[in-house]
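> Please read through the structure below; I'll follow up with questions.
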Amino acid sequence: MTDKDLLTKAREAAQNAYVPYSHFPVGAALECEDGTVYLGCNVENAALGSTICAERVAVCKAVSDGRMKFKRIAVHGEGENYCMPCGACRQFMIEFSPDMEVLCTKAGGRYVSYTLSQLMPYSFSY
């Protein structure tokens, strides 16, 4: 799967976002090491702490299917800046695949690529 393919899937996933408060839909497409792709979108809640990010939705779907090794994730948002995973998502994902690639978009379809370890150099672990 090409970067473009994965980014397209993330953009499509954003269409399902539930964002009545921020009005900022985010989509994620998580590629597992075996090639399986899981999609996620952000789901907001009036109790803001109950909101869940697109990245964690995709990871939870993969883990619930028994997949815990990830190759990369594409995160799509239409803001002026690149749509990066929040700190909680970075910590959540690094538990499974610290060296996975993270593709982040911004309005206009431009994207950047980092390893998760670059985005979270001093993660918490046991």
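Chain labels run A, B, ... following the order of the structure tokens; each chain numbers its residues from 1, and ligands are numbered from 1 in the order shown.
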Please identify the strand (DSSP E or B) residues within chain A (assignment by DSSP from backbone atoms) and present them as a ChimeraX atom specification.
/A:18,27-32,37-41,43,52,70-76,101-105,111-115
> Quick one: residues within 12 Å of Pro20 (chain A), only C-alpha atoms counted, chain neighbours fewer than 2 positions away excluded, as an mmCIF file with all heavy atoms, in the first residue's frame?

```cif
data_model
loop_
_atom_site.group_PDB
_atom_site.id
_atom_site.type_symbol
_atom_site.label_atom_id
_atom_site.label_comp_id
_atom_site.auth_asym_id
_atom_site.auth_seq_id
_atom_site.Cartn_x
_atom_site.Cartn_y
_atom_site.Cartn_z
ATOM 1 N N ALA A 17 -16.460 10.985 11.465
ATOM 2 C CA ALA A 17 -16.194 11.580 12.775
ATOM 3 C C ALA A 17 -17.452 12.196 13.377
ATOM 4 O O ALA A 17 -18.294 12.743 12.670
ATOM 5 C CB ALA A 17 -15.102 12.635 12.658
ATOM 6 N N TYR A 18 -17.542 12.108 14.703
ATOM 7 C CA TYR A 18 -18.627 12.738 15.454
ATOM 8 C C TYR A 18 -18.000 13.901 16.221
ATOM 9 O O TYR A 18 -17.313 13.699 17.227
ATOM 10 C CB TYR A 18 -19.261 11.726 16.409
ATOM 11 C CG TYR A 18 -20.346 12.327 17.274
ATOM 12 C CD1 TYR A 18 -21.580 12.669 16.733
ATOM 13 C CD2 TYR A 18 -20.116 12.542 18.622
ATOM 14 C CE1 TYR A 18 -22.573 13.220 17.536
ATOM 15 C CE2 TYR A 18 -21.103 13.093 19.431
ATOM 16 C CZ TYR A 18 -22.329 13.422 18.887
ATOM 17 O OH TYR A 18 -23.308 13.968 19.666
ATOM 18 N N SER A 22 -15.873 20.415 18.569
ATOM 19 C CA SER A 22 -14.699 21.027 17.930
ATOM 20 C C SER A 22 -14.933 21.334 16.460
ATOM 21 O O SER A 22 -14.267 22.192 15.892
ATOM 22 C CB SER A 22 -13.478 20.098 18.036
ATOM 23 O OG SER A 22 -13.618 18.981 17.164
ATOM 24 N N HIS A 23 -15.844 20.600 15.829
ATOM 25 C CA HIS A 23 -16.081 20.713 14.383
ATOM 26 C C HIS A 23 -14.791 20.446 13.599
ATOM 27 O O HIS A 23 -14.589 21.009 12.525
ATOM 28 C CB HIS A 23 -16.674 22.077 14.020
ATOM 29 C CG HIS A 23 -17.898 22.401 14.808
ATOM 30 N ND1 HIS A 23 -19.107 21.783 14.589
ATOM 31 C CD2 HIS A 23 -18.089 23.260 15.837
ATOM 32 C CE1 HIS A 23 -20.002 22.247 15.450
ATOM 33 N NE2 HIS A 23 -19.406 23.142 16.220
ATOM 34 N N PHE A 24 -13.926 19.593 14.154
ATOM 35 C CA PHE A 24 -12.646 19.264 13.513
ATOM 36 C C PHE A 24 -12.553 17.745 13.357
ATOM 37 O O PHE A 24 -12.059 17.039 14.246
ATOM 38 C CB PHE A 24 -11.470 19.797 14.334
ATOM 39 C CG PHE A 24 -10.157 19.693 13.612
ATOM 40 C CD1 PHE A 24 -9.807 20.613 12.627
ATOM 41 C CD2 PHE A 24 -9.272 18.665 13.894
ATOM 42 C CE1 PHE A 24 -8.599 20.512 11.954
ATOM 43 C CE2 PHE A 24 -8.055 18.550 13.225
ATOM 44 C CZ PHE A 24 -7.718 19.478 12.258
ATOM 45 N N PRO A 25 -13.031 17.224 12.224
ATOM 46 C CA PRO A 25 -12.960 15.780 12.015
ATOM 47 C C PRO A 25 -11.536 15.310 11.742
ATOM 48 O O PRO A 25 -10.775 15.964 11.030
ATOM 49 C CB PRO A 25 -13.850 15.551 10.789
ATOM 50 C CG PRO A 25 -13.929 16.868 10.098
ATOM 51 C CD PRO A 25 -13.704 17.928 11.137
ATOM 52 N N ASN A 42 -12.346 10.439 15.134
ATOM 53 C CA ASN A 42 -12.554 10.966 16.477
ATOM 54 C C ASN A 42 -14.045 10.965 16.808
ATOM 55 O O ASN A 42 -14.897 11.177 15.950
ATOM 56 C CB ASN A 42 -11.912 12.341 16.661
ATOM 57 C CG ASN A 42 -12.282 13.383 15.631
ATOM 58 O OD1 ASN A 42 -12.576 13.080 14.479
ATOM 59 N ND2 ASN A 42 -12.246 14.636 16.035
ATOM 60 N N VAL A 43 -14.320 10.675 18.081
ATOM 61 C CA VAL A 43 -15.686 10.620 18.584
ATOM 62 C C VAL A 43 -15.725 11.476 19.848
ATOM 63 O O VAL A 43 -15.157 11.104 20.869
ATOM 64 C CB VAL A 43 -16.124 9.170 18.903
ATOM 65 C CG1 VAL A 43 -17.560 9.143 19.415
ATOM 66 C CG2 VAL A 43 -15.964 8.270 17.679
ATOM 67 N N GLU A 44 -16.370 12.640 19.735
ATOM 68 C CA GLU A 44 -16.418 13.572 20.858
ATOM 69 C C GLU A 44 -17.597 13.260 21.772
ATOM 70 O O GLU A 44 -18.534 12.559 21.396
ATOM 71 C CB GLU A 44 -16.520 15.001 20.344
ATOM 72 C CG GLU A 44 -15.299 15.431 19.572
ATOM 73 C CD GLU A 44 -15.379 16.844 19.025
ATOM 74 O OE1 GLU A 44 -16.469 17.452 19.024
ATOM 75 O OE2 GLU A 44 -14.334 17.336 18.584
ATOM 76 N N ASN A 45 -17.519 13.818 22.984
ATOM 77 C CA ASN A 45 -18.559 13.633 23.967
ATOM 78 C C ASN A 45 -18.670 14.896 24.796
ATOM 79 O O ASN A 45 -17.661 15.573 25.021
ATOM 80 C CB ASN A 45 -18.199 12.430 24.851
ATOM 81 C CG ASN A 45 -19.332 12.039 25.752
ATOM 82 O OD1 ASN A 45 -19.494 12.586 26.834
ATOM 83 N ND2 ASN A 45 -20.123 11.078 25.312
ATOM 84 N N ALA A 46 -19.881 15.205 25.275
ATOM 85 C CA ALA A 46 -20.079 16.403 26.100
ATOM 86 C C ALA A 46 -19.206 16.348 27.352
ATOM 87 O O ALA A 46 -18.735 17.381 27.829
ATOM 88 C CB ALA A 46 -21.547 16.545 26.487
ATOM 89 N N LEU A 48 -15.970 15.962 28.051
ATOM 90 C CA LEU A 48 -14.810 16.023 27.152
ATOM 91 C C LEU A 48 -13.768 14.942 27.403
ATOM 92 O O LEU A 48 -13.126 14.460 26.476
ATOM 93 C CB LEU A 48 -14.179 17.409 27.210
ATOM 94 C CG LEU A 48 -15.071 18.540 26.686
ATOM 95 C CD1 LEU A 48 -14.362 19.880 26.802
ATOM 96 C CD2 LEU A 48 -15.520 18.282 25.270
ATOM 97 N N THR A 51 -14.042 11.845 25.277
ATOM 98 C CA THR A 51 -13.753 11.919 23.846
ATOM 99 C C THR A 51 -12.606 10.968 23.524
ATOM 100 O O THR A 51 -11.674 10.807 24.306
ATOM 101 C CB THR A 51 -13.379 13.366 23.470
ATOM 102 O OG1 THR A 51 -14.540 14.176 23.649
ATOM 103 C CG2 THR A 51 -12.885 13.478 22.035
#
```
> Any idea what the distance is between CA of Ser117 (chain A) and CA of Arg72 (chain A)?
12.1 Å
> Output as a VMD selection string all residues of chain A that backbone DSSP marks as helix (DSSP H, G or I).
chain A and resid 3 to 14 48 to 50 54 to 64 87 to 94 116 to 119
> Determine, counting only C-alpha atoms, which protein, DNA and RNA residues have an atom within 12 Å of an atom of Gly40 (chain A); residues of the same chain fewer than 3 positions away are not included. Present the result as a PDB file with N, CA, C and O atoms, in the first residue's frame.

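Generated file (selection-v3.pdb):
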```
ATOM      1  N   LYS A   9      -7.437   6.560   2.766  1.00  0.00           N
ATOM      2  CA  LYS A   9      -8.276   5.836   3.720  1.00  0.00           C
ATOM      3  C   LYS A   9      -8.503   6.664   4.985  1.00  0.00           C
ATOM      4  O   LYS A   9      -9.609   6.694   5.540  1.00  0.00           O
ATOM      5  N   ALA A  10      -7.458   7.355   5.446  1.00  0.00           N
ATOM      6  CA  ALA A  10      -7.602   8.200   6.629  1.00  0.00           C
ATOM      7  C   ALA A  10      -8.566   9.359   6.358  1.00  0.00           C
ATOM      8  O   ALA A  10      -9.406   9.694   7.200  1.00  0.00           O
ATOM      9  N   ARG A  11      -8.464   9.946   5.174  1.00  0.00           N
ATOM     10  CA  ARG A  11      -9.371  11.035   4.794  1.00  0.00           C
ATOM     11  C   ARG A  11     -10.813  10.533   4.757  1.00  0.00           C
ATOM     12  O   ARG A  11     -11.737  11.197   5.241  1.00  0.00           O
ATOM     13  N   GLU A  12     -11.025   9.354   4.205  1.00  0.00           N
ATOM     14  CA  GLU A  12     -12.364   8.780   4.152  1.00  0.00           C
ATOM     15  C   GLU A  12     -12.898   8.484   5.554  1.00  0.00           C
ATOM     16  O   GLU A  12     -14.080   8.692   5.837  1.00  0.00           O
ATOM     17  N   ALA A  13     -12.026   8.008   6.442  1.00  0.00           N
ATOM     18  CA  ALA A  13     -12.444   7.709   7.820  1.00  0.00           C
ATOM     19  C   ALA A  13     -12.901   8.969   8.540  1.00  0.00           C
ATOM     20  O   ALA A  13     -13.821   8.927   9.364  1.00  0.00           O
ATOM     21  N   ALA A  14     -12.289  10.094   8.240  1.00  0.00           N
ATOM     22  CA  ALA A  14     -12.658  11.370   8.881  1.00  0.00           C
ATOM     23  C   ALA A  14     -14.109  11.746   8.591  1.00  0.00           C
ATOM     24  O   ALA A  14     -14.733  12.475   9.374  1.00  0.00           O
ATOM     25  N   GLN A  15     -14.659  11.243   7.499  1.00  0.00           N
ATOM     26  CA  GLN A  15     -16.044  11.560   7.146  1.00  0.00           C
ATOM     27  C   GLN A  15     -17.038  10.990   8.153  1.00  0.00           C
ATOM     28  O   GLN A  15     -18.185  11.435   8.224  1.00  0.00           O
ATOM     29  N   ASN A  16     -16.606  10.004   8.949  1.00  0.00           N
ATOM     30  CA  ASN A  16     -17.485   9.392   9.940  1.00  0.00           C
ATOM     31  C   ASN A  16     -17.319  10.002  11.329  1.00  0.00           C
ATOM     32  O   ASN A  16     -17.961   9.554  12.280  1.00  0.00           O
ATOM     33  N   ALA A  17     -16.460  10.985  11.465  1.00  0.00           N
ATOM     34  CA  ALA A  17     -16.194  11.580  12.775  1.00  0.00           C
ATOM     35  C   ALA A  17     -17.452  12.196  13.377  1.00  0.00           C
ATOM     36  O   ALA A  17     -18.294  12.743  12.670  1.00  0.00           O
ATOM     37  N   TYR A  18     -17.542  12.108  14.703  1.00  0.00           N
ATOM     38  CA  TYR A  18     -18.627  12.738  15.454  1.00  0.00           C
ATOM     39  C   TYR A  18     -18.000  13.901  16.221  1.00  0.00           C
ATOM     40  O   TYR A  18     -17.313  13.699  17.227  1.00  0.00           O
ATOM     41  N   PRO A  25     -13.031  17.224  12.224  1.00  0.00           N
ATOM     42  CA  PRO A  25     -12.960  15.780  12.015  1.00  0.00           C
ATOM     43  C   PRO A  25     -11.536  15.310  11.742  1.00  0.00           C
ATOM     44  O   PRO A  25     -10.775  15.964  11.030  1.00  0.00           O
ATOM     45  N   VAL A  26     -11.210  14.185  12.346  1.00  0.00           N
ATOM     46  CA  VAL A  26      -9.906  13.549  12.141  1.00  0.00           C
ATOM     47  C   VAL A  26     -10.152  12.097  11.789  1.00  0.00           C
ATOM     48  O   VAL A  26     -11.029  11.443  12.361  1.00  0.00           O
ATOM     49  N   GLY A  27      -9.381  11.593  10.842  1.00  0.00           N
ATOM     50  CA  GLY A  27      -9.448  10.191  10.467  1.00  0.00           C
ATOM     51  C   GLY A  27      -8.081   9.558  10.590  1.00  0.00           C
ATOM     52  O   GLY A  27      -7.061  10.238  10.457  1.00  0.00           O
ATOM     53  N   ALA A  28      -8.063   8.274  10.853  1.00  0.00           N
ATOM     54  CA  ALA A  28      -6.805   7.531  10.956  1.00  0.00           C
ATOM     55  C   ALA A  28      -6.940   6.216  10.199  1.00  0.00           C
ATOM     56  O   ALA A  28      -8.003   5.599  10.190  1.00  0.00           O
ATOM     57  N   ALA A  29      -5.848   5.813   9.577  1.00  0.00           N
ATOM     58  CA  ALA A  29      -5.764   4.515   8.913  1.00  0.00           C
ATOM     59  C   ALA A  29      -4.499   3.842   9.418  1.00  0.00           C
ATOM     60  O   ALA A  29      -3.394   4.339   9.193  1.00  0.00           O
ATOM     61  N   LEU A  30      -4.664   2.754  10.139  1.00  0.00           N
ATOM     62  CA  LEU A  30      -3.570   2.031  10.784  1.00  0.00           C
ATOM     63  C   LEU A  30      -3.244   0.780   9.982  1.00  0.00           C
ATOM     64  O   LEU A  30      -4.099  -0.086   9.808  1.00  0.00           O
ATOM     65  N   GLU A  31      -2.019   0.700   9.495  1.00  0.00           N
ATOM     66  CA  GLU A  31      -1.579  -0.474   8.734  1.00  0.00           C
ATOM     67  C   GLU A  31      -0.799  -1.408   9.649  1.00  0.00           C
ATOM     68  O   GLU A  31       0.228  -1.015  10.221  1.00  0.00           O
ATOM     69  N   VAL A  37      -5.596  -3.161   7.371  1.00  0.00           N
ATOM     70  CA  VAL A  37      -5.757  -1.739   7.697  1.00  0.00           C
ATOM     71  C   VAL A  37      -7.016  -1.559   8.526  1.00  0.00           C
ATOM     72  O   VAL A  37      -8.088  -2.069   8.176  1.00  0.00           O
ATOM     73  N   VAL A  43     -14.320  10.675  18.081  1.00  0.00           N
ATOM     74  CA  VAL A  43     -15.686  10.620  18.584  1.00  0.00           C
ATOM     75  C   VAL A  43     -15.725  11.476  19.848  1.00  0.00           C
ATOM     76  O   VAL A  43     -15.157  11.104  20.869  1.00  0.00           O
ATOM     77  N   ILE A  52     -12.669  10.340  22.348  1.00  0.00           N
ATOM     78  CA  ILE A  52     -11.584   9.443  21.930  1.00  0.00           C
ATOM     79  C   ILE A  52     -11.095   9.865  20.546  1.00  0.00           C
ATOM     80  O   ILE A  52     -11.882  10.223  19.668  1.00  0.00           O
ATOM     81  N   CYS A  53      -9.789   9.860  20.398  1.00  0.00           N
ATOM     82  CA  CYS A  53      -9.147  10.280  19.154  1.00  0.00           C
ATOM     83  C   CYS A  53      -9.200   9.175  18.102  1.00  0.00           C
ATOM     84  O   CYS A  53      -9.295   7.984  18.418  1.00  0.00           O
ATOM     85  N   ALA A  54      -9.082   9.582  16.856  1.00  0.00           N
ATOM     86  CA  ALA A  54      -9.124   8.653  15.727  1.00  0.00           C
ATOM     87  C   ALA A  54      -8.046   7.573  15.831  1.00  0.00           C
ATOM     88  O   ALA A  54      -8.298   6.401  15.534  1.00  0.00           O
ATOM     89  N   GLU A  55      -6.850   7.970  16.259  1.00  0.00           N
ATOM     90  CA  GLU A  55      -5.737   7.019  16.331  1.00  0.00           C
ATOM     91  C   GLU A  55      -6.032   5.899  17.322  1.00  0.00           C
ATOM     92  O   GLU A  55      -5.796   4.720  17.049  1.00  0.00           O
ATOM     93  N   ARG A  56      -6.554   6.254  18.495  1.00  0.00           N
ATOM     94  CA  ARG A  56      -6.853   5.239  19.505  1.00  0.00           C
ATOM     95  C   ARG A  56      -8.019   4.356  19.089  1.00  0.00           C
ATOM     96  O   ARG A  56      -8.036   3.168  19.406  1.00  0.00           O
ATOM     97  N   VAL A  57      -8.990   4.916  18.359  1.00  0.00           N
ATOM     98  CA  VAL A  57     -10.083   4.087  17.833  1.00  0.00           C
ATOM     99  C   VAL A  57      -9.502   3.005  16.915  1.00  0.00           C
ATOM    100  O   VAL A  57      -9.820   1.828  17.043  1.00  0.00           O
ATOM    101  N   ALA A  58      -8.631   3.400  15.993  1.00  0.00           N
ATOM    102  CA  ALA A  58      -8.033   2.437  15.051  1.00  0.00           C
ATOM    103  C   ALA A  58      -7.210   1.385  15.783  1.00  0.00           C
ATOM    104  O   ALA A  58      -7.302   0.196  15.487  1.00  0.00           O
ATOM    105  N   VAL A  59      -6.404   1.813  16.754  1.00  0.00           N
ATOM    106  CA  VAL A  59      -5.575   0.858  17.510  1.00  0.00           C
ATOM    107  C   VAL A  59      -6.461  -0.111  18.287  1.00  0.00           C
ATOM    108  O   VAL A  59      -6.210  -1.325  18.285  1.00  0.00           O
ATOM    109  N   CYS A  60      -7.496   0.386  18.941  1.00  0.00           N
ATOM    110  CA  CYS A  60      -8.380  -0.501  19.704  1.00  0.00           C
ATOM    111  C   CYS A  60      -9.076  -1.520  18.805  1.00  0.00           C
ATOM    112  O   CYS A  60      -9.236  -2.681  19.190  1.00  0.00           O
ATOM    113  N   LYS A  61      -9.484  -1.092  17.617  1.00  0.00           N
ATOM    114  CA  LYS A  61     -10.101  -2.032  16.682  1.00  0.00           C
ATOM    115  C   LYS A  61      -9.116  -3.132  16.297  1.00  0.00           C
ATOM    116  O   LYS A  61      -9.479  -4.310  16.247  1.00  0.00           O
ATOM    117  N   ALA A  62      -7.860  -2.749  16.037  1.00  0.00           N
ATOM    118  CA  ALA A  62      -6.838  -3.736  15.664  1.00  0.00           C
ATOM    119  C   ALA A  62      -6.557  -4.698  16.816  1.00  0.00           C
ATOM    120  O   ALA A  62      -6.539  -5.923  16.625  1.00  0.00           O
ATOM    121  N   ILE A  73       0.772   4.513  10.546  1.00  0.00           N
ATOM    122  CA  ILE A  73      -0.557   5.088  10.674  1.00  0.00           C
ATOM    123  C   ILE A  73      -0.586   6.414   9.922  1.00  0.00           C
ATOM    124  O   ILE A  73       0.393   7.158   9.935  1.00  0.00           O
ATOM    125  N   ALA A  74      -1.684   6.659   9.240  1.00  0.00           N
ATOM    126  CA  ALA A  74      -1.915   7.945   8.581  1.00  0.00           C
ATOM    127  C   ALA A  74      -2.976   8.672   9.383  1.00  0.00           C
ATOM    128  O   ALA A  74      -4.005   8.092   9.746  1.00  0.00           O
ATOM    129  N   VAL A  75      -2.723   9.946   9.660  1.00  0.00           N
ATOM    130  CA  VAL A  75      -3.653  10.770  10.423  1.00  0.00           C
ATOM    131  C   VAL A  75      -4.049  11.946   9.538  1.00  0.00           C
ATOM    132  O   VAL A  75      -3.191  12.702   9.082  1.00  0.00           O
ATOM    133  N   HIS A  76      -5.356  12.084   9.303  1.00  0.00           N
ATOM    134  CA  HIS A  76      -5.846  13.125   8.403  1.00  0.00           C
ATOM    135  C   HIS A  76      -6.640  14.181   9.149  1.00  0.00           C
ATOM    136  O   HIS A  76      -7.575  13.863   9.890  1.00  0.00           O
TER     137      HIS A  76
END
```
> If we count only C-alpha atoms and set the cut-off at 12 Å, which residues sit around Tyr111 (chain A), ignoring sequence neighbours fewer than 5 positions away in its own chain? Please answer as an NGL selection string.
:A and (3-4 or 6-8 or 74-84 or 102-106)
> Got a sec: who's within 12 Å of Leu119 (chain A), counting only C-alpha atoms, leaving out chain neighbours fewer than 5 positions off, as a ChimeraX atom specification?
/A:84-91,93-94,98-104,112-114
> Hey, can you check how far CA of Tyr38 (chain A) sits from CA of Gly109 (chain A)?
20.5 Å
